[in-house]
file coords.pdb (PDB, C-alpha atoms)
MODEL        1
ATOM      1  CA  MET A 283       1.754   2.069   3.450
ATOM      2  CA  GLN A 284      -0.635   2.733   6.308
ATOM      3  CA  TYR A 285       0.352   4.004   9.758
ATOM      4  CA  ARG A 286      -1.138   3.582  13.236
ATOM      5  CA  PRO A 287      -0.344   5.119  16.663
ATOM      6  CA  LEU A 288       2.006   3.205  18.957
ATOM      7  CA  GLY A 289       0.714   3.456  22.484
ATOM      8  CA  ARG A 290       1.021   6.929  23.967
ATOM      9  CA  THR A 291       4.395   7.631  22.358
ATOM     10  CA  GLY A 292       3.003   9.977  19.716
ATOM     11  CA  TRP A 293       4.653   7.824  17.045
ATOM     12  CA  LYS A 294       2.839   6.651  13.925
ATOM     13  CA  VAL A 295       4.333   3.379  12.766
ATOM     14  CA  SER A 296       3.890   1.364   9.588
ATOM     15  CA  THR A 297       1.205  -1.294   9.906
ATOM     16  CA  ILE A 298       3.566  -3.755   8.266
ATOM     17  CA  SER A 299       6.885  -3.293   9.975
ATOM     18  CA  PHE A 300      10.064  -5.398  10.026
ATOM     19  CA  GLY A 301      10.999  -8.189  12.415
ATOM     20  CA  ALA A 302      14.774  -8.535  12.464
ATOM     21  CA  TRP A 303      15.158 -11.930  14.132
ATOM     22  CA  GLY A 304      15.756 -13.638  10.800
ATOM     23  CA  ILE A 305      18.644 -11.384   9.731
ATOM     24  CA  GLY A 306      20.406 -12.069  13.017
ATOM     25  CA  GLY A 307      20.291 -15.839  12.967
ATOM     26  CA  SER A 308      18.391 -18.965  14.083
ATOM     27  CA  TRP A 309      16.612 -19.092  10.704
ATOM     28  CA  GLY A 310      19.314 -20.804   8.681
ATOM     29  CA  GLY A 311      22.065 -19.054   6.748
ATOM     30  CA  VAL A 312      21.976 -15.308   6.272
ATOM     31  CA  ASP A 313      24.068 -12.966   4.151
ATOM     32  CA  ASP A 314      24.612  -9.455   5.494
ATOM     33  CA  ARG A 315      24.566  -7.894   2.032
ATOM     34  CA  GLU A 316      21.223  -9.486   1.268
ATOM     35  CA  SER A 317      19.931  -8.536   4.715
ATOM     36  CA  LEU A 318      20.880  -4.906   4.146
ATOM     37  CA  ALA A 319      19.178  -4.981   0.772
ATOM     38  CA  ALA A 320      16.037  -6.247   2.509
ATOM     39  CA  LEU A 321      16.280  -3.467   5.107
ATOM     40  CA  HIS A 322      16.703  -0.806   2.439
ATOM     41  CA  SER A 323      13.762  -2.237   0.526
ATOM     42  CA  ALA A 324      11.636  -1.899   3.659
ATOM     43  CA  ILE A 325      12.637   1.744   4.076
ATOM     44  CA  ASP A 326      11.917   2.458   0.409
ATOM     45  CA  LEU A 327       8.428   0.994   0.803
ATOM     46  CA  GLY A 328       7.528   3.119   3.811
ATOM     47  CA  VAL A 329       8.441   0.868   6.741
ATOM     48  CA  ASN A 330       9.520   3.013   9.686
ATOM     49  CA  PHE A 331       9.610   0.528  12.581
ATOM     50  CA  PHE A 332      12.141  -2.260  13.050
ATOM     51  CA  ASP A 333      12.058  -4.807  15.857
ATOM     52  CA  THR A 334      15.238  -6.525  16.990
ATOM     53  CA  ALA A 335      16.907  -7.927  20.135
ATOM     54  CA  ASP A 336      20.361  -8.061  21.638
ATOM     55  CA  VAL A 337      20.481 -11.843  21.238
ATOM     56  CA  TYR A 338      19.589 -11.922  17.540
ATOM     57  CA  GLY A 339      22.903 -13.073  16.175
ATOM     58  CA  ASP A 340      24.564 -11.882  19.409
ATOM     59  CA  GLY A 341      24.198  -8.260  18.311
ATOM     60  CA  ARG A 342      24.420  -8.863  14.574
ATOM     61  CA  SER A 343      20.857  -7.734  13.931
ATOM     62  CA  GLU A 344      21.287  -4.541  15.967
ATOM     63  CA  SER A 345      24.531  -3.737  14.156
ATOM     64  CA  LEU A 346      22.862  -4.130  10.771
ATOM     65  CA  LEU A 347      20.211  -1.629  11.824
ATOM     66  CA  ALA A 348      22.947   0.794  12.883
ATOM     67  CA  ARG A 349      24.456   0.437   9.433
ATOM     68  CA  LEU A 350      21.045   1.035   7.846
ATOM     69  CA  LYS A 351      20.745   4.280   9.785
ATOM     70  CA  ARG A 352      24.126   5.395   8.432
ATOM     71  CA  GLU A 353      23.160   4.520   4.870
ATOM     72  CA  THR A 354      19.721   6.158   4.625
ATOM     73  CA  ARG A 355      18.365   9.646   5.117
ATOM     74  CA  GLU A 356      14.977   8.321   6.201
ATOM     75  CA  SER A 357      14.187   8.351   9.904
ATOM     76  CA  PHE A 358      12.838   5.236  11.582
ATOM     77  CA  PHE A 359      12.234   3.726  14.996
ATOM     78  CA  VAL A 360      14.113   0.751  16.428
ATOM     79  CA  ALA A 361      12.682  -1.452  19.155
ATOM     80  CA  THR A 362      15.113  -3.824  20.810
ATOM     81  CA  LYS A 363      14.831  -6.299  23.676
ATOM     82  CA  ALA A 364      16.802  -7.292  26.746
ATOM     83  CA  GLY A 365      16.862 -10.171  29.173
ATOM     84  CA  ARG A 366      17.590 -13.302  27.188
ATOM     85  CA  ARG A 367      21.319 -12.881  27.688
ATOM     86  CA  LEU A 368      20.806 -13.968  31.284
ATOM     87  CA  ASP A 369      22.254 -17.377  32.091
ATOM     88  CA  PRO A 370      20.430 -18.804  33.875
ATOM     89  CA  HIS A 371      17.375 -16.991  32.548
ATOM     90  CA  VAL A 372      15.625 -16.379  35.869
ATOM     91  CA  ALA A 373      13.371 -13.640  37.206
ATOM     92  CA  SER A 374      15.920 -12.381  39.724
ATOM     93  CA  GLY A 375      18.242 -11.474  36.854
ATOM     94  CA  TYR A 376      15.848  -8.746  35.730
ATOM     95  CA  ASN A 377      17.378  -6.063  37.930
ATOM     96  CA  LEU A 378      18.733  -2.574  37.315
ATOM     97  CA  THR A 379      22.366  -3.684  37.202
ATOM     98  CA  ASN A 380      21.825  -6.331  34.534
ATOM     99  CA  LEU A 381      19.322  -4.307  32.518
ATOM    100  CA  THR A 382      21.726  -1.356  32.492
ATOM    101  CA  ALA A 383      24.498  -3.579  31.145
ATOM    102  CA  PHE A 384      22.209  -4.954  28.433
ATOM    103  CA  VAL A 385      21.028  -1.473  27.480
ATOM    104  CA  ASP A 386      24.583  -0.123  27.296
ATOM    105  CA  ARG A 387      25.553  -2.968  24.984
ATOM    106  CA  SER A 388      22.546  -2.356  22.719
ATOM    107  CA  LEU A 389      23.301   1.377  22.624
ATOM    108  CA  GLN A 390      26.786   0.513  21.394
ATOM    109  CA  ASN A 391      25.514  -1.980  18.813
ATOM    110  CA  LEU A 392      22.882   0.449  17.525
ATOM    111  CA  GLU A 393      25.242   3.439  17.678
ATOM    112  CA  ALA A 394      22.503   5.332  19.501
ATOM    113  CA  GLU A 395      22.350   7.807  22.359
ATOM    114  CA  ALA A 396      19.049   6.379  23.594
ATOM    115  CA  LEU A 397      16.966   3.326  22.751
ATOM    116  CA  ASP A 398      13.673   4.242  21.077
ATOM    117  CA  LEU A 399      11.807   1.344  22.650
ATOM    118  CA  LEU A 400      13.215  -1.248  25.045
ATOM    119  CA  GLN A 401      11.221  -4.435  25.581
ATOM    120  CA  LEU A 402      11.653  -7.107  28.215
ATOM    121  CA  HIS A 403      12.375 -10.217  26.169
ATOM    122  CA  CYS A 404       9.885 -12.898  27.160
ATOM    123  CA  PRO A 405      10.940 -13.039  30.800
ATOM    124  CA  PRO A 406       9.622 -15.643  33.254
ATOM    125  CA  THR A 407       6.010 -15.009  34.233
ATOM    126  CA  GLU A 408       7.155 -14.087  37.746
ATOM    127  CA  VAL A 409       8.734 -10.878  36.418
ATOM    128  CA  TYR A 410       5.302  -9.399  35.725
ATOM    129  CA  TYR A 411       4.571  -9.631  39.446
ATOM    130  CA  MET A 412       7.753  -7.749  40.389
ATOM    131  CA  PRO A 413       7.174  -3.966  40.497
ATOM    132  CA  GLU A 414      10.878  -3.406  41.077
ATOM    133  CA  VAL A 415      11.602  -4.522  37.515
ATOM    134  CA  PHE A 416       9.400  -1.791  36.105
ATOM    135  CA  ASP A 417      10.918   0.674  38.579
ATOM    136  CA  ALA A 418      14.283  -0.205  37.010
ATOM    137  CA  LEU A 419      12.884   0.534  33.548
ATOM    138  CA  ASP A 420      11.602   3.883  34.814
ATOM    139  CA  THR A 421      15.107   4.601  36.070
ATOM    140  CA  LEU A 422      16.587   3.881  32.641
ATOM    141  CA  VAL A 423      14.089   6.307  31.123
ATOM    142  CA  ALA A 424      14.964   8.946  33.717
ATOM    143  CA  GLN A 425      18.650   8.456  32.914
ATOM    144  CA  GLY A 426      17.961   9.160  29.241
ATOM    145  CA  LYS A 427      19.140   5.750  28.054
ATOM    146  CA  VAL A 428      15.647   4.612  27.040
ATOM    147  CA  ARG A 429      12.846   6.711  25.556
ATOM    148  CA  TYR A 430       9.987   4.279  26.066
ATOM    149  CA  TYR A 431       9.593   0.684  27.167
ATOM    150  CA  GLY A 432       7.309  -2.263  26.617
ATOM    151  CA  VAL A 433       7.317  -6.040  26.883
ATOM    152  CA  SER A 434       7.437  -9.096  24.678
ATOM    153  CA  VAL A 435       5.363 -11.918  26.114
ATOM    154  CA  GLU A 436       4.521 -15.558  25.592
ATOM    155  CA  LYS A 437       1.141 -15.660  27.358
ATOM    156  CA  VAL A 438      -2.015 -13.583  27.476
ATOM    157  CA  GLU A 439      -1.761 -13.664  31.283
ATOM    158  CA  GLU A 440       1.614 -11.924  31.061
ATOM    159  CA  ALA A 441       0.280  -9.311  28.662
ATOM    160  CA  LEU A 442      -2.652  -8.464  30.911
ATOM    161  CA  LYS A 443      -0.406  -8.187  33.953
ATOM    162  CA  ALA A 444       2.203  -6.073  32.136
ATOM    163  CA  ILE A 445      -0.244  -3.359  31.145
ATOM    164  CA  GLU A 446      -1.132  -2.771  34.775
ATOM    165  CA  PHE A 447       2.193  -0.929  34.972
ATOM    166  CA  PRO A 448       1.391   2.614  33.822
ATOM    167  CA  ASN A 449       4.474   3.293  31.699
ATOM    168  CA  VAL A 450       4.291   0.162  29.550
ATOM    169  CA  GLN A 451       3.745   1.551  26.051
ATOM    170  CA  SER A 452       3.612  -1.641  24.016
ATOM    171  CA  VAL A 453       3.120  -5.378  24.193
ATOM    172  CA  GLN A 454       4.586  -7.709  21.641
ATOM    173  CA  ILE A 455       2.583 -10.925  21.484
ATOM    174  CA  ILE A 456       2.181 -13.835  19.084
ATOM    175  CA  TYR A 457      -0.964 -13.168  17.080
ATOM    176  CA  ASN A 458      -1.825 -14.779  13.793
ATOM    177  CA  ILE A 459      -4.489 -16.951  12.171
ATOM    178  CA  PHE A 460      -3.205 -19.878  14.258
ATOM    179  CA  ARG A 461      -2.954 -17.933  17.544
ATOM    180  CA  GLN A 462      -6.169 -15.985  18.096
ATOM    181  CA  ARG A 463      -6.601 -15.926  21.866
ATOM    182  CA  PRO A 464      -5.086 -12.429  22.420
ATOM    183  CA  ALA A 465      -8.082 -10.858  20.676
ATOM    184  CA  GLU A 466     -10.570 -12.221  23.224
ATOM    185  CA  LEU A 467      -9.750 -10.029  26.226
ATOM    186  CA  PHE A 468      -6.266  -8.588  25.960
ATOM    187  CA  PHE A 469      -6.926  -6.445  22.883
ATOM    188  CA  LYS A 470      -9.845  -4.740  24.610
ATOM    189  CA  GLU A 471      -7.780  -3.982  27.695
ATOM    190  CA  ALA A 472      -4.808  -2.752  25.676
ATOM    191  CA  THR A 473      -7.039  -0.455  23.656
ATOM    192  CA  ARG A 474      -8.646   0.901  26.816
ATOM    193  CA  ARG A 475      -5.232   1.713  28.272
ATOM    194  CA  GLN A 476      -3.840   3.015  24.948
ATOM    195  CA  VAL A 477      -1.131   0.356  24.777
ATOM    196  CA  GLY A 478       0.353  -0.522  21.399
ATOM    197  CA  ILE A 479       0.236  -4.118  20.155
ATOM    198  CA  LEU A 480       3.011  -5.582  18.029
ATOM    199  CA  ALA A 481       1.871  -8.822  16.379
ATOM    200  CA  ARG A 482       4.897 -11.088  16.342
ATOM    201  CA  VAL A 483       5.357 -14.423  14.564
ATOM    202  CA  PRO A 484       2.614 -13.185  12.208
ATOM    203  CA  LEU A 485       3.303 -15.869   9.611
ATOM    204  CA  ALA A 486       3.694 -18.736  12.097
ATOM    205  CA  SER A 487       7.398 -19.183  11.314
ATOM    206  CA  GLY A 488       6.665 -19.240   7.607
ATOM    207  CA  LEU A 489       3.822 -21.743   7.687
ATOM    208  CA  LEU A 490       1.325 -19.076   6.677
ATOM    209  CA  THR A 491       3.311 -18.167   3.590
ATOM    210  CA  GLY A 492       1.964 -21.354   2.042
ATOM    211  CA  LYS A 493       5.440 -22.140   0.741
ATOM    212  CA  MET A 494       6.174 -25.131   2.976
ATOM    213  CA  SER A 495       5.336 -28.791   2.565
ATOM    214  CA  ALA A 496       6.000 -32.121   4.220
ATOM    215  CA  ALA A 497       9.198 -32.295   2.147
ATOM    216  CA  THR A 498      10.570 -28.936   3.350
ATOM    217  CA  THR A 499      13.845 -29.240   5.249
ATOM    218  CA  PHE A 500      15.459 -26.778   7.642
ATOM    219  CA  ALA A 501      19.118 -26.122   8.416
ATOM    220  CA  PRO A 502      20.426 -27.415  11.761
ATOM    221  CA  ASP A 503      20.804 -23.820  13.041
ATOM    222  CA  ASP A 504      17.187 -22.975  12.145
ATOM    223  CA  HIS A 505      14.866 -23.026  15.174
ATOM    224  CA  ARG A 506      12.253 -24.687  12.968
ATOM    225  CA  ALA A 507      14.529 -27.728  13.069
ATOM    226  CA  PHE A 508      15.745 -27.637  16.674
ATOM    227  CA  ASN A 509      12.884 -26.126  18.698
ATOM    228  CA  ARG A 510       9.704 -27.833  17.543
ATOM    229  CA  ASN A 511       9.061 -29.205  21.013
ATOM    230  CA  GLY A 512      10.495 -26.281  22.967
ATOM    231  CA  GLU A 513      13.981 -27.720  23.331
ATOM    232  CA  SER A 514      15.656 -24.290  23.405
ATOM    233  CA  PHE A 515      12.870 -21.800  24.174
ATOM    234  CA  ASP A 516       9.085 -21.702  24.317
ATOM    235  CA  ARG A 517       7.655 -24.059  21.706
ATOM    236  CA  GLY A 518       5.004 -21.478  20.840
ATOM    237  CA  GLU A 519       7.741 -19.486  19.093
ATOM    238  CA  THR A 520       8.094 -22.199  16.454
ATOM    239  CA  PHE A 521       5.186 -22.689  14.028
ATOM    240  CA  ALA A 522       3.047 -20.841  16.626
ATOM    241  CA  GLY A 523       3.079 -24.037  18.696
ATOM    242  CA  VAL A 524       1.064 -26.025  16.148
ATOM    243  CA  ASP A 525       2.147 -29.504  15.078
ATOM    244  CA  TYR A 526       3.797 -29.059  11.683
ATOM    245  CA  SER A 527       1.872 -31.715   9.772
ATOM    246  CA  LEU A 528      -1.489 -30.653  11.196
ATOM    247  CA  ALA A 529      -0.712 -27.035  10.416
ATOM    248  CA  LEU A 530       0.059 -27.899   6.799
ATOM    249  CA  GLU A 531      -3.421 -29.413   6.460
ATOM    250  CA  ALA A 532      -4.990 -26.209   7.782
ATOM    251  CA  VAL A 533      -2.866 -24.124   5.404
ATOM    252  CA  GLU A 534      -4.288 -26.055   2.464
ATOM    253  CA  GLN A 535      -7.786 -25.157   3.603
ATOM    254  CA  LEU A 536      -6.797 -21.500   3.916
ATOM    255  CA  ARG A 537      -5.311 -21.582   0.428
ATOM    256  CA  LYS A 538      -8.786 -22.086  -0.999
ATOM    257  CA  LEU A 539      -9.752 -18.628   0.304
ATOM    258  CA  LEU A 540      -7.169 -16.726  -1.727
ATOM    259  CA  THR A 541      -8.407 -14.166  -4.202
ATOM    260  CA  PRO A 542      -6.560 -13.606  -7.502
ATOM    261  CA  GLY A 543      -3.329 -11.694  -7.073
ATOM    262  CA  THR A 544      -3.145 -12.200  -3.295
ATOM    263  CA  SER A 545      -0.546 -14.487  -1.733
ATOM    264  CA  MET A 546      -1.035 -16.604   1.356
ATOM    265  CA  ALA A 547       1.350 -14.371   3.331
ATOM    266  CA  GLN A 548      -0.624 -11.299   2.338
ATOM    267  CA  LEU A 549      -3.889 -12.925   3.381
ATOM    268  CA  ALA A 550      -2.377 -13.798   6.778
ATOM    269  CA  LEU A 551      -0.998 -10.300   7.335
ATOM    270  CA  ARG A 552      -4.169  -8.550   6.192
ATOM    271  CA  TRP A 553      -6.140 -10.751   8.596
ATOM    272  CA  ILE A 554      -4.031  -9.422  11.475
ATOM    273  CA  LEU A 555      -4.627  -5.826  10.428
ATOM    274  CA  MET A 556      -8.384  -6.365  10.447
ATOM    275  CA  SER A 557      -8.123  -5.725  14.190
ATOM    276  CA  ASP A 558      -7.897  -2.007  14.923
ATOM    277  CA  ALA A 559      -6.270  -2.850  18.254
ATOM    278  CA  VAL A 560      -3.114  -4.033  16.480
ATOM    279  CA  THR A 561      -0.511  -1.345  15.869
ATOM    280  CA  CYS A 562       1.535  -3.376  13.422
ATOM    281  CA  ALA A 563       2.610  -6.830  12.339
ATOM    282  CA  ILE A 564       6.343  -7.514  12.293
ATOM    283  CA  PRO A 565       7.108 -10.218   9.710
ATOM    284  CA  GLY A 566      10.723 -10.975   8.982
ATOM    285  CA  GLY A 567      12.382 -10.727   5.610
ATOM    286  CA  LYS A 568      15.816 -11.955   4.615
ATOM    287  CA  ARG A 569      15.434 -10.874   0.977
ATOM    288  CA  PRO A 570      13.956  -7.801  -0.720
ATOM    289  CA  SER A 571      11.356  -9.951  -2.487
ATOM    290  CA  GLN A 572      10.011 -11.178   0.852
ATOM    291  CA  VAL A 573       9.800  -7.623   2.172
ATOM    292  CA  GLN A 574       7.974  -6.445  -0.930
ATOM    293  CA  GLU A 575       5.416  -9.242  -0.674
ATOM    294  CA  ASN A 576       4.823  -8.567   3.019
ATOM    295  CA  VAL A 577       4.538  -4.793   2.720
ATOM    296  CA  ALA A 578       1.949  -5.056  -0.061
ATOM    297  CA  ALA A 579      -0.474  -6.467   2.515
ATOM    298  CA  ALA A 580      -0.746  -3.034   4.154
ATOM    299  CA  ASP A 581      -2.615  -1.601   1.185
ATOM    300  CA  LEU A 582      -4.936  -4.510   0.474
ATOM    301  CA  PRO A 583      -8.672  -3.874   0.892
ATOM    302  CA  PRO A 584     -10.348  -5.292   4.003
ATOM    303  CA  LEU A 585     -11.108  -9.003   3.933
ATOM    304  CA  SER A 586     -14.743  -9.783   3.263
ATOM    305  CA  PRO A 587     -17.012 -11.004   6.078
ATOM    306  CA  GLU A 588     -17.250 -14.324   4.234
ATOM    307  CA  ILE A 589     -13.479 -14.829   4.195
ATOM    308  CA  MET A 590     -13.180 -13.793   7.838
ATOM    309  CA  ALA A 591     -15.893 -16.283   8.781
ATOM    310  CA  SER A 592     -14.212 -19.071   6.788
ATOM    311  CA  ILE A 593     -10.872 -18.415   8.495
ATOM    312  CA  GLN A 594     -12.587 -18.580  11.865
ATOM    313  CA  THR A 595     -14.226 -21.873  10.966
ATOM    314  CA  ILE A 596     -10.865 -23.403  10.040
ATOM    315  CA  TYR A 597      -9.319 -22.165  13.274
ATOM    316  CA  GLU A 598     -12.115 -23.547  15.413
ATOM    317  CA  ALA A 599     -12.105 -26.926  13.692
ATOM    318  CA  GLU A 600      -8.403 -27.556  13.146
ATOM    319  CA  ILE A 601      -6.249 -25.371  15.400
ATOM    320  CA  ARG A 602      -8.010 -24.123  18.498
ATOM    321  CA  GLN A 603      -7.693 -27.293  20.557
ATOM    322  CA  LEU A 604      -3.956 -27.445  19.829
ATOM    323  CA  VAL A 605      -2.999 -23.990  21.082
ATOM    324  CA  HIS A 606      -5.763 -21.860  22.495
ATOM    325  CA  GLN A 607      -5.458 -22.546  26.214
ATOM    326  CA  TYR A 608      -1.675 -22.975  26.277
ATOM    327  CA  TRP A 609      -0.732 -19.332  25.717
TER     328      TRP A 609
ENDMDL
END
call {"tool": "encode", "arguments": {"input": "coords.pdb", "output": "structure tokens"}}
result
Amino acid sequence: MQYRPLGRTGWKVSTISFGAWGIGGSWGGVDDRESLAALHSAIDLGVNFFDTADVYGDGRSESLLARLKRETRESFFVATKAGRRLDPHVASGYNLTNLTAFVDRSLQNLEAEALDLLQLHCPPTEVYYMPEVFDALDTLVAQGKVRYYGVSVEKVEEALKAIEFPNVQSVQIIYNIFRQRPAELFFKEATRRQVGILARVPLASGLLTGKMSAATTFAPDDHRAFNRNGESFDRGETFAGVDYSLALEAVEQLRKLLTPGTSMAQLALRWILMSDAVTCAIPGGKRPSQVQENVAAADLPPLSPEIMASIQTIYEAEIRQLVHQYW
């Protein structure tokens, strides 16, 4: 496993970390025993950073991480998120009273005295133009309930605005072979300000594992079935916003670039880590085998200039016009 600095926290986190959305729900059926086995596998392989949220399984994901902490002697960092419990989900709801309530609930779920990293959970764009929200986060830090804070965003605009606030330590943003815009300007600015970057949806909701086809079906409670057009939340969260059938065609072109012994998921994750600006990628894993495959990407050699150029060509020809200017 390799490790990189996270913002100005002084932490070194695993370049392949663990996204815990899948073990909470909205990805089809999950089994807590299998989820815990996946979490333990991650720890055994050197993962020391886990990303979750209070709405993942209505606290289920956070509670599983609390159990992991009880069951292992290894230390690790937990990043959680707050804000999506608001109903309606509006900018005015991001105030000290509501954020305190969300934080207190997460502290209980995680069985923690303080949250390692609290992230605003894809709030409305307006929130990034409200200094009082970040004042509230500073208050939570001063109270000792939160150690550090960051944001999870949908758009590059939001990421650039967020890092104007001096105590934002990290930005979680969708970045993968199908979503390349963050690298154009945001990565440079984040690096200049020493802000950590968490690459979320790194496998484009599983598309970039190369294990899906036109015949693949998804359970009714899987967002890949119910959110393809943004019916429940931003459509960019599902398959990175790319039309499923068109994305499958691009995946087949990417498959031709695989070297012996490397899986499609590993190629996709290693591509992300080719950017030094990225702190870590946070793929999910509901089974130990998935975690093992993902983590192996951390120790792969750099991709060749030829492979990087071929990936760029596929993006420019097949994907760019579908997503680039939307997020």
call {"tool": "residues_around", "arguments": {"input": "coords.pdb", "residues": "range 360-374 of chain A", "least_positions_apart": "4", "cutoff": "9 Å", "atoms": "all atoms listed in the file", "output": "ChimeraX atom specification"}}
result
/A:330-337,340,344,347,380-381,384-385,388,392,397-409,412,431,433-434
call {"tool": "residues_around", "arguments": {"input": "coords.pdb", "residues": "range 520-529 of chain A", "least_positions_apart": "3", "cutoff": "8 Å", "atoms": "only C-alpha atoms", "output": "list of chain:residue names"}}
result
A:Ile456, A:Phe460, A:Arg461, A:Val483, A:Ala486, A:Ser487, A:Gly488, A:Leu489, A:Ala496, A:His505, A:Arg506, A:Asn509, A:Arg510, A:Asp516, A:Arg517, A:Ala532, A:Val533, A:Glu600, A:Ile601, A:Leu604, A:Val605
call {"tool": "residues_around", "arguments": {"input": "coords.pdb", "residues": "Gln594 in chain A", "least_positions_apart": "5", "cutoff": "12 Å", "atoms": "all atoms listed in the file", "output": "ChimeraX atom specification"}}
result
/A:458-463,532,535-536,539,553,587-589,599-602
call {"tool": "resolve_selection", "arguments": {"input": "coords.pdb", "expression": "the PyMOL selection byres ((chain A and resi 575-584) around 6)", "output": "list in words"}}
result
Met283, Ile298, Gln548, Arg552, Gln572, Val573, Gln574 and Leu585 of chain A
call {"tool": "atom_distance", "arguments": {"input": "coords.pdb", "atom1": "CA of Val295 in chain A", "atom2": "CA of Thr491 in chain A"}}
result
23.4 Å
call {"tool": "resolve_selection", "arguments": {"input": "coords.pdb", "expression": "the PyMOL selection byres ((chain A and resi 437-439) around 8)", "output": "PyMOL selection string"}}
result
chain A and resi 435-436+440-443+455+463-464+468+608-609
call {"tool": "axis_aligned_box", "arguments": {"input": "coords.pdb", "around": "range 445-455 of chain A", "padding_each_side": "6 Å", "output": "lines of an AutoDock Vina configuration file"}}
result
center_x = 1.7
center_y = -3.8
center_z = 28.2
size_x = 17.7
size_y = 26.2
size_z = 25.5
call {"tool": "resolve_selection", "arguments": {"input": "coords.pdb", "expression": "the PyMOL selection byres ((chain A and resi 322) around 10)", "output": "PyMOL selection string"}}
result
chain A and resi 316-321+323-327+329+350-351+353-354+570+573
call {"tool": "write_last_selection", "arguments": {"input": "coords.pdb", "atoms": "C-alpha atoms", "output": "PDB file, keeping the file's coordinate frame"}}
result
ATOM      1  CA  GLU A 316      21.223  -9.486   1.268  1.00  0.00           C
ATOM      2  CA  SER A 317      19.931  -8.536   4.715  1.00  0.00           C
ATOM      3  CA  LEU A 318      20.880  -4.906   4.146  1.00  0.00           C
ATOM      4  CA  ALA A 319      19.178  -4.981   0.772  1.00  0.00           C
ATOM      5  CA  ALA A 320      16.037  -6.247   2.509  1.00  0.00           C
ATOM      6  CA  LEU A 321      16.280  -3.467   5.107  1.00  0.00           C
ATOM      7  CA  SER A 323      13.762  -2.237   0.526  1.00  0.00           C
ATOM      8  CA  ALA A 324      11.636  -1.899   3.659  1.00  0.00           C
ATOM      9  CA  ILE A 325      12.637   1.744   4.076  1.00  0.00           C
ATOM     10  CA  ASP A 326      11.917   2.458   0.409  1.00  0.00           C
ATOM     11  CA  LEU A 327       8.428   0.994   0.803  1.00  0.00           C
ATOM     12  CA  VAL A 329       8.441   0.868   6.741  1.00  0.00           C
ATOM     13  CA  LEU A 350      21.045   1.035   7.846  1.00  0.00           C
ATOM     14  CA  LYS A 351      20.745   4.280   9.785  1.00  0.00           C
ATOM     15  CA  GLU A 353      23.160   4.520   4.870  1.00  0.00           C
ATOM     16  CA  THR A 354      19.721   6.158   4.625  1.00  0.00           C
ATOM     17  CA  PRO A 570      13.956  -7.801  -0.720  1.00  0.00           C
ATOM     18  CA  VAL A 573       9.800  -7.623   2.172  1.00  0.00           C
TER      19      VAL A 573
END
call {"tool": "atom_distance", "arguments": {"input": "coords.pdb", "atom1": "CA of Ala444 in chain A", "atom2": "CA of Tyr410 in chain A"}}
result
5.8 Å
call {"tool": "atom_distance", "arguments": {"input": "coords.pdb", "atom1": "CA of Thr473 in chain A", "atom2": "CA of Ala559 in chain A"}}
result
6.0 Å
call {"tool": "closest_residue", "arguments": {"input": "coords.pdb", "among": "A:Leu346, A:Leu540, A:Ile596, A:Leu288", "to": "Trp303 in chain A", "atoms": "all atoms listed in the file"}}
result
A:Leu346
call {"tool": "closest_residue", "arguments": {"input": "coords.pdb", "among": "A:Leu389, A:Ala396, A:Ile593, A:Met556", "to": "Val428 in chain A", "atoms": "all atoms listed in the file"}}
result
A:Ala396
call {"tool": "closest_residue", "arguments": {"input": "coords.pdb", "among": "A:Ala472, A:Ala394, A:Val423, A:Leu485", "to": "Ser452 in chain A", "atoms": "all atoms listed in the file"}}
result
A:Ala472
